[in-house]
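*Asks:* This is run-v6.csv (CSV, C-alpha atoms).
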```csv
chain,number,residue,atom,x,y,z
A,1,GLY,CA,94.7,94.5,127.1
A,2,ILE,CA,94.6,97.7,125.1
A,3,GLN,CA,92.2,97.7,122.1
A,4,VAL,CA,93.6,99.2,118.9
A,5,GLU,CA,91.3,100.1,116.0
A,6,GLN,CA,92.5,101.0,112.6
A,7,SER,CA,90.6,102.6,109.8
A,8,PRO,CA,89.8,102.2,107.0
A,9,PRO,CA,90.3,98.4,106.8
A,10,ASP,CA,90.9,98.6,103.0
A,11,LEU,CA,91.9,101.4,100.7
A,12,ILE,CA,92.4,101.5,97.0
A,13,LEU,CA,94.2,104.5,95.5
A,14,GLN,CA,95.3,105.8,92.1
A,15,GLU,CA,99.0,106.4,91.9
A,16,GLY,CA,99.7,110.0,93.0
A,17,ALA,CA,96.8,110.3,95.4
A,18,ASN,CA,97.1,111.1,99.1
A,19,SER,CA,95.7,109.2,102.0
A,20,THR,CA,95.2,109.3,105.8
A,21,LEU,CA,95.2,106.2,107.9
A,22,ARG,CA,93.9,106.3,111.5
A,23,CYS,CA,94.7,104.4,114.6
A,24,ASN,CA,92.6,104.7,117.8
A,25,PHE,CA,93.6,103.1,121.1
A,26,SER,CA,91.7,102.5,124.3
A,27,ASP,CA,94.2,103.5,127.0
A,28,SER,CA,97.3,105.5,127.7
A,29,VAL,CA,100.4,104.2,126.1
A,30,ASN,CA,104.1,105.1,126.2
A,31,ASN,CA,105.0,103.6,122.8
A,32,LEU,CA,103.4,103.9,119.4
A,33,GLN,CA,104.8,102.7,116.2
A,34,TRP,CA,103.7,102.4,112.6
A,35,PHE,CA,104.7,99.5,110.4
A,36,HIS,CA,104.4,98.6,106.7
A,37,GLN,CA,104.0,94.9,105.8
A,38,ASN,CA,105.0,94.6,102.2
A,39,PRO,CA,103.6,92.0,99.8
A,40,TRP,CA,106.4,89.6,100.8
A,41,GLY,CA,105.4,89.7,104.4
A,42,GLN,CA,108.3,91.8,105.7
A,43,LEU,CA,107.4,94.2,108.6
A,44,ILE,CA,109.2,97.5,108.3
A,45,ASN,CA,109.2,100.2,111.0
A,46,LEU,CA,108.0,103.5,109.6
A,47,PHE,CA,107.7,105.7,112.7
A,48,TYR,CA,108.3,105.6,116.4
A,49,ILE,CA,105.8,108.3,117.5
A,50,PRO,CA,104.3,108.1,121.0
A,51,SER,CA,103.4,111.8,120.6
A,52,GLY,CA,103.9,114.7,118.3
A,53,THR,CA,104.6,114.8,114.5
A,54,LYS,CA,107.3,113.3,112.4
A,55,GLN,CA,108.0,113.3,108.7
A,56,ASN,CA,110.0,111.0,106.5
A,57,GLY,CA,109.8,111.8,102.8
A,58,ARG,CA,106.3,111.3,101.5
A,59,LEU,CA,105.2,109.9,104.8
A,60,SER,CA,104.3,111.7,108.0
A,61,ALA,CA,102.6,110.7,111.2
A,62,THR,CA,100.9,112.5,114.1
A,63,THR,CA,100.0,111.2,117.5
A,64,VAL,CA,97.7,113.0,119.9
A,65,ALA,CA,98.3,110.9,123.0
A,66,THR,CA,95.8,112.8,125.1
A,67,GLU,CA,93.0,111.9,122.7
A,68,ARG,CA,94.4,108.4,122.0
A,69,TYR,CA,94.8,108.4,118.3
A,70,SER,CA,97.5,108.5,115.7
A,71,LEU,CA,97.4,109.4,112.0
A,72,LEU,CA,99.6,108.2,109.2
A,73,TYR,CA,99.7,110.4,106.0
A,74,ILE,CA,100.9,109.1,102.7
A,75,SER,CA,101.3,111.7,100.0
A,76,SER,CA,101.8,111.1,96.2
A,77,SER,CA,101.3,107.4,96.7
A,78,GLN,CA,103.3,104.9,94.6
A,79,THR,CA,102.7,101.3,93.7
A,80,THR,CA,105.5,100.4,96.1
A,81,ASP,CA,103.4,101.8,99.0
A,82,SER,CA,101.0,98.8,98.6
A,83,GLY,CA,100.7,96.4,101.5
A,84,VAL,CA,99.3,96.4,105.0
A,85,TYR,CA,99.9,99.2,107.5
A,86,PHE,CA,99.9,98.3,111.2
A,87,CYS,CA,99.7,100.5,114.2
A,88,ALA,CA,101.2,99.1,117.4
A,89,VAL,CA,100.9,100.5,120.8
A,90,GLY,CA,102.9,99.6,123.9
A,91,THR,CA,102.7,99.8,127.6
A,92,GLY,CA,105.8,98.8,129.5
A,93,ASN,CA,107.0,95.7,127.6
A,94,GLN,CA,103.7,94.6,126.0
A,95,PHE,CA,102.6,95.5,122.5
A,96,TYR,CA,99.2,95.5,121.0
A,97,PHE,CA,98.6,95.7,117.2
A,98,GLY,CA,95.6,96.8,115.2
A,99,THR,CA,94.2,94.7,112.5
A,100,GLY,CA,95.8,96.9,109.8
A,101,THR,CA,94.8,98.9,106.8
A,102,SER,CA,95.3,97.1,103.5
A,103,LEU,CA,96.4,99.6,100.9
A,104,THR,CA,96.5,98.9,97.1
A,105,VAL,CA,97.9,101.6,94.9
A,106,ILE,CA,97.0,101.1,91.2
A,107,PRO,CA,99.1,102.6,88.4
B,1,GLU,CA,124.0,94.0,108.6
B,2,ALA,CA,121.8,94.5,111.7
B,3,GLN,CA,119.1,91.9,111.6
B,4,VAL,CA,116.8,89.4,113.3
B,5,THR,CA,117.1,85.9,111.8
B,6,GLN,CA,114.3,83.3,112.2
B,7,ASN,CA,114.5,79.7,111.2
B,8,PRO,CA,112.9,77.8,109.7
B,9,ARG,CA,111.0,80.2,107.3
B,10,TYR,CA,108.5,77.5,106.4
B,11,LEU,CA,107.5,74.3,108.2
B,12,ILE,CA,104.8,71.7,107.9
B,13,THR,CA,104.5,69.4,110.8
B,14,VAL,CA,101.9,67.1,112.4
B,15,THR,CA,99.9,67.4,115.6
B,16,GLY,CA,102.0,66.6,118.7
B,17,LYS,CA,105.5,66.6,117.2
B,18,LYS,CA,107.6,69.0,119.2
B,19,LEU,CA,109.2,71.8,117.3
B,20,THR,CA,111.4,74.9,117.9
B,21,VAL,CA,111.5,78.1,115.9
B,22,THR,CA,114.8,79.9,116.5
B,23,CYS,CA,115.3,83.6,116.6
B,24,SER,CA,118.7,85.3,116.7
B,25,GLN,CA,119.6,89.0,116.7
B,26,ASN,CA,123.0,90.6,116.2
B,27,MET,CA,122.3,94.1,117.6
B,28,ASN,CA,122.9,93.4,121.2
B,29,HIS,CA,119.3,94.1,122.0
B,30,GLU,CA,118.0,93.5,125.5
B,31,TYR,CA,114.3,93.1,124.5
B,32,MET,CA,113.0,90.3,122.3
B,33,SER,CA,109.5,89.1,121.7
B,34,TRP,CA,107.4,86.7,119.7
B,35,TYR,CA,104.1,87.3,117.8
B,36,ARG,CA,101.7,85.4,115.7
B,37,GLN,CA,99.8,86.9,112.8
B,38,ASP,CA,96.4,85.5,111.8
B,39,PRO,CA,94.0,86.8,109.1
B,40,GLY,CA,91.7,89.5,110.5
B,41,LEU,CA,93.5,89.5,113.9
B,42,GLY,CA,96.7,91.5,113.3
B,43,LEU,CA,99.7,90.5,115.3
B,44,ARG,CA,99.3,89.2,118.8
B,45,GLN,CA,102.2,89.0,121.3
B,46,ILE,CA,103.0,85.5,122.6
B,47,TYR,CA,106.0,86.0,124.9
B,48,TYR,CA,108.6,88.7,125.5
B,49,SER,CA,111.9,88.9,127.3
B,50,MET,CA,113.6,91.9,128.9
B,51,ASN,CA,117.0,90.2,129.2
B,52,VAL,CA,118.7,86.9,129.8
B,53,GLU,CA,116.6,84.6,132.0
B,54,VAL,CA,113.8,87.2,132.2
B,55,THR,CA,110.7,86.2,130.2
B,56,ASP,CA,107.0,87.0,130.6
B,57,LYS,CA,103.7,86.1,128.9
B,58,GLY,CA,102.1,88.2,126.3
B,59,ASP,CA,98.5,88.1,125.2
B,60,VAL,CA,98.4,84.5,123.8
B,61,PRO,CA,101.0,82.3,125.6
B,62,GLU,CA,99.0,79.1,125.8
B,63,GLY,CA,100.7,76.2,124.0
B,64,TYR,CA,104.1,77.9,123.7
B,65,LYS,CA,107.3,78.1,125.7
B,66,VAL,CA,110.3,80.3,125.4
B,67,SER,CA,113.8,80.5,126.9
B,68,ARG,CA,116.5,83.2,127.0
B,69,LYS,CA,119.8,81.6,127.9
B,70,GLU,CA,121.8,84.0,125.8
B,71,LYS,CA,121.2,87.6,124.9
B,72,ARG,CA,121.1,87.1,121.2
B,73,ASN,CA,118.8,84.0,121.1
B,74,PHE,CA,115.1,83.7,121.9
B,75,PRO,CA,113.7,80.4,120.7
B,76,LEU,CA,109.9,79.6,120.5
B,77,ILE,CA,109.0,76.1,121.5
B,78,LEU,CA,105.8,74.3,120.7
B,79,GLU,CA,105.9,71.2,122.9
B,80,SER,CA,102.8,69.6,121.3
B,81,PRO,CA,101.6,71.6,118.3
B,82,SER,CA,98.0,71.6,117.4
B,83,PRO,CA,96.2,72.8,114.2
B,84,ASN,CA,95.1,76.0,115.8
B,85,GLN,CA,98.8,77.0,116.1
B,86,THR,CA,99.0,77.1,112.3
B,87,SER,CA,100.1,80.7,111.8
B,88,LEU,CA,102.7,83.2,110.6
B,89,TYR,CA,105.2,83.8,113.5
B,90,PHE,CA,107.4,86.8,113.9
B,91,CYS,CA,110.3,87.5,116.2
B,92,ALA,CA,111.3,91.1,117.1
B,93,SER,CA,113.9,92.8,119.1
B,94,SER,CA,114.6,96.3,120.4
B,95,GLY,CA,117.2,98.1,122.4
B,96,GLY,CA,114.7,99.0,125.0
B,97,GLY,CA,115.1,102.1,127.0
B,98,GLY,CA,113.1,105.2,126.0
B,99,ALA,CA,112.7,104.3,122.3
B,100,ASN,CA,111.5,100.7,122.1
B,101,VAL,CA,111.6,100.5,118.3
B,102,LEU,CA,110.9,97.0,117.2
B,103,THR,CA,113.0,95.3,114.5
B,104,PHE,CA,111.2,92.2,113.0
B,105,GLY,CA,112.5,89.0,111.5
B,106,ALA,CA,111.3,87.8,108.2
B,107,GLY,CA,108.6,85.5,109.7
B,108,SER,CA,108.1,81.8,109.9
B,109,ARG,CA,105.1,80.2,108.4
B,110,LEU,CA,104.0,77.1,110.4
B,111,THR,CA,101.4,74.6,109.3
B,112,VAL,CA,100.3,71.9,111.8
B,113,LEU,CA,98.3,69.1,110.2
```
Render the structure in this file as structure tokens.

*Replies:*
Amino acid sequence: GIQVEQSPPDLILQEGANSTLRCNFSDSVNNLQWFHQNPWGQLINLFYIPSGTKQNGRLSATTVATERYSLLYISSSQTTDSGVYFCAVGTGNQFYFGTGTSLTVIP
Amino acid sequence: EAQVTQNPRYLITVTGKKLTVTCSQNMNHEYMSWYRQDPGLGLRQIYYSMNVEVTDKGDVPEGYKVSRKEKRNFPLILESPSPNQTSLYFCASSGGGGANVLTFGAGSRLTVL
């Protein structure tokens, strides 16, 4: 299967700070999504972004498919951004997840 | 409300006692899949289904069965659960096509003693 590596594994931020999360993958994919798992365990889709750049409020994401990586930017972080961020890549009907970045935002 | 519903949310059982975790979606999605989440390993795909009566193995199918007799339902069956199947399980669905955006259920925490 495809290997997915996320960095950093853990991140602690002061409220209001910015951060960049990275996702590297080992092979060509036709699907890439970012998810946020909140402290209650819910997985929420943030972006579907197999290539290019998208923005949604304080969050944005960029995927460079030819170089096999994706970045998730969080600006002006808030305590509600805390949780684990997962990158998932897909080929055909199979999906592979990274081990996540655990983000803690402190007031 | 568009959603994926899993039941039970929490279950403690014993080794060898067959159990089924149900998954239902109300979005008329063709694609459904099951994952398990374990500490340090992220989510791993167990099985997926492209449509009714069409299922296939994911990365970690051993010890699990699935069926897709109706489009909305995709149950996960553990015929003889073992302690190494203690995990947090998620069901997801998507409309397929060019934008396979996954919508996840709330998760089912299973403990096998």

*Asks:* Could you list, as JSON, numbers by chain, every residue of chain A that has an atom within 12 Å of an atom of chain B, counting all atoms listed in the file?

*Replies:* {"A": [1, 2, 3, 4, 5, 6, 9, 10, 30, 31, 32, 33, 34, 35, 36, 37, 38, 40, 41, 42, 43, 44, 45, 46, 47, 48, 49, 50, 84, 85, 86, 87, 88, 89, 90, 91, 92, 93, 94, 95, 96, 97, 98, 99, 100, 101, 102]}

*Asks:* Please report the interatomic distance between atom CA of Ser26 of chain A and atom CA of Glu67 of chain A in Å with one decimal.

*Replies:* 9.6 Å

*Asks:* Atom CA of Ser24 of chain B to atom CA of Gln85 of chain B: how many Å, to one decimal?

*Replies:* 21.6 Å

*Asks:* How many Å lie between atom CA of Thr20 of chain A and atom CA of Pro8 of chain A, rounded to one decimal?

*Replies:*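 Atom CA of Pro8 of chain A lies 9.0 Å from atom CA of Thr20 of chain A.
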
*Asks:* Which of these, B:Pro8, B:Tyr64, B:Glu1, B:Thr55, has the shortest distance to Ser82 of chain B once you count all atoms listed in the file?

*Replies:*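 Using all atoms listed in the file, Ser82 of chain B sits closest to B:Tyr64.
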
*Asks:* So, counting only C-alpha atoms, which residue among A:Phe25, A:Pro39, A:Thr79, A:Lys54 is closest to Thr66 of chain A?

*Replies:*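 Nearest to Thr66 of chain A: A:Phe25.
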
*Asks:* Which residues are close to Leu11 of chain B, i.e. within 9 Å by only C-alpha atoms, leaving aside same-chain residues fewer than 2 positions away? Reply as a PyMOL selection string.

*Replies:* chain B and resi 8-9+13+108-112

*Asks:* So, counting all atoms listed in the file, which residue among B:Pro61, B:Val54, B:Pro81, B:Asn7 is closest to Thr22 of chain B?

*Replies:* B:Asn7

*Asks:* Measuring atom to atom with all atoms listed in the file, identify which of A:Ser51, A:Ser7, A:Ser28, A:Gln78 is nearest to Thr63 of chain A.

*Replies:*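 Of A:Ser51, A:Ser7, A:Ser28, A:Gln78, the one nearest Thr63 of chain A is A:Ser51, counting all atoms listed in the file.
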
*Asks:* Could you write segment 13-44 of chain A as an mmCIF file, in the coordinates of the input, with N, CA and C atoms rebuilt where they are missing?

*Replies:*
```
data_model
loop_
_atom_site.group_PDB
_atom_site.id
_atom_site.type_symbol
_atom_site.label_atom_id
_atom_site.label_comp_id
_atom_site.auth_asym_id
_atom_site.auth_seq_id
_atom_site.Cartn_x
_atom_site.Cartn_y
_atom_site.Cartn_z
ATOM 1 N N LEU A 13 93.845 103.196 95.975
ATOM 2 C CA LEU A 13 94.200 104.500 95.500
ATOM 3 C C LEU A 13 94.790 104.485 94.115
ATOM 4 N N GLN A 14 94.568 105.573 93.404
ATOM 5 C CA GLN A 14 95.300 105.800 92.100
ATOM 6 C C GLN A 14 96.661 106.297 92.484
ATOM 7 N N GLU A 15 97.637 105.889 91.734
ATOM 8 C CA GLU A 15 99.000 106.400 91.900
ATOM 9 C C GLU A 15 98.979 107.919 91.931
ATOM 10 N N GLY A 16 99.671 108.515 92.902
ATOM 11 C CA GLY A 16 99.700 110.000 93.000
ATOM 12 C C GLY A 16 98.753 110.565 93.989
ATOM 13 N N ALA A 17 97.783 109.769 94.437
ATOM 14 C CA ALA A 17 96.800 110.300 95.400
ATOM 15 C C ALA A 17 97.383 110.293 96.797
ATOM 16 N N ASN A 18 96.705 111.048 97.676
ATOM 17 C CA ASN A 18 97.100 111.100 99.100
ATOM 18 C C ASN A 18 96.109 110.332 99.943
ATOM 19 N N SER A 19 96.546 109.918 101.122
ATOM 20 C CA SER A 19 95.700 109.200 102.000
ATOM 21 C C SER A 19 96.010 109.418 103.461
ATOM 22 N N THR A 20 95.022 109.170 104.312
ATOM 23 C CA THR A 20 95.200 109.300 105.800
ATOM 24 C C THR A 20 94.702 107.993 106.403
ATOM 25 N N LEU A 21 95.560 107.357 107.190
ATOM 26 C CA LEU A 21 95.200 106.200 107.900
ATOM 27 C C LEU A 21 95.107 106.528 109.409
ATOM 28 N N ARG A 22 94.130 105.944 110.082
ATOM 29 C CA ARG A 22 93.900 106.300 111.500
ATOM 30 C C ARG A 22 94.057 105.122 112.396
ATOM 31 N N CYS A 23 94.544 105.406 113.605
ATOM 32 C CA CYS A 23 94.700 104.400 114.600
ATOM 33 C C CYS A 23 94.170 104.969 115.948
ATOM 34 N N ASN A 24 93.151 104.330 116.489
ATOM 35 C CA ASN A 24 92.600 104.700 117.800
ATOM 36 C C ASN A 24 92.975 103.648 118.816
ATOM 37 N N PHE A 25 93.274 104.062 120.023
ATOM 38 C CA PHE A 25 93.600 103.100 121.100
ATOM 39 C C PHE A 25 92.885 103.441 122.361
ATOM 40 N N SER A 26 92.679 102.411 123.178
ATOM 41 C CA SER A 26 91.700 102.500 124.300
ATOM 42 C C SER A 26 92.277 102.981 125.605
ATOM 43 N N ASP A 27 93.617 103.100 125.698
ATOM 44 C CA ASP A 27 94.200 103.500 127.000
ATOM 45 C C ASP A 27 95.499 104.220 126.770
ATOM 46 N N SER A 28 96.013 104.786 127.834
ATOM 47 C CA SER A 28 97.300 105.500 127.700
ATOM 48 C C SER A 28 98.413 104.556 127.368
ATOM 49 N N VAL A 29 99.306 105.019 126.517
ATOM 50 C CA VAL A 29 100.400 104.200 126.100
ATOM 51 C C VAL A 29 101.710 105.028 126.152
ATOM 52 N N ASN A 30 102.838 104.335 126.237
ATOM 53 C CA ASN A 30 104.100 105.100 126.200
ATOM 54 C C ASN A 30 104.928 104.725 124.967
ATOM 55 N N ASN A 31 104.311 104.007 124.062
ATOM 56 C CA ASN A 31 105.000 103.600 122.800
ATOM 57 C C ASN A 31 103.969 103.483 121.726
ATOM 58 N N LEU A 32 104.246 104.052 120.562
ATOM 59 C CA LEU A 32 103.400 103.900 119.400
ATOM 60 C C LEU A 32 104.254 103.827 118.169
ATOM 61 N N GLN A 33 104.040 102.813 117.358
ATOM 62 C CA GLN A 33 104.800 102.700 116.200
ATOM 63 C C GLN A 33 103.926 102.325 114.974
ATOM 64 N N TRP A 34 104.330 102.764 113.796
ATOM 65 C CA TRP A 34 103.700 102.400 112.600
ATOM 66 C C TRP A 34 104.594 101.479 111.766
ATOM 67 N N PHE A 35 103.984 100.439 111.177
ATOM 68 C CA PHE A 35 104.700 99.500 110.400
ATOM 69 C C PHE A 35 104.063 99.306 109.009
ATOM 70 N N HIS A 36 104.891 98.990 108.035
ATOM 71 C CA HIS A 36 104.400 98.600 106.700
ATOM 72 C C HIS A 36 104.777 97.151 106.483
ATOM 73 N N GLN A 37 103.761 96.331 106.183
ATOM 74 C CA GLN A 37 104.000 94.900 105.800
ATOM 75 C C GLN A 37 103.925 94.852 104.286
ATOM 76 N N ASN A 38 105.044 94.612 103.634
ATOM 77 C CA ASN A 38 105.000 94.600 102.200
ATOM 78 C C ASN A 38 104.425 93.275 101.665
ATOM 79 N N PRO A 39 104.203 93.176 100.369
ATOM 80 C CA PRO A 39 103.600 92.000 99.800
ATOM 81 C C PRO A 39 104.354 90.686 100.083
ATOM 82 N N TRP A 40 105.602 90.755 100.440
ATOM 83 C CA TRP A 40 106.400 89.600 100.800
ATOM 84 C C TRP A 40 106.366 89.253 102.259
ATOM 85 N N GLY A 41 105.605 90.018 102.997
ATOM 86 C CA GLY A 41 105.400 89.700 104.400
ATOM 87 C C GLY A 41 106.338 90.412 105.370
ATOM 88 N N GLN A 42 107.313 91.141 104.871
ATOM 89 C CA GLN A 42 108.300 91.800 105.700
ATOM 90 C C GLN A 42 107.597 92.982 106.485
ATOM 91 N N LEU A 43 107.907 93.117 107.755
ATOM 92 C CA LEU A 43 107.400 94.200 108.600
ATOM 93 C C LEU A 43 108.516 95.255 108.743
ATOM 94 N N ILE A 44 108.249 96.454 108.243
ATOM 95 C CA ILE A 44 109.200 97.500 108.300
ATOM 96 C C ILE A 44 108.729 98.649 109.156
#
```
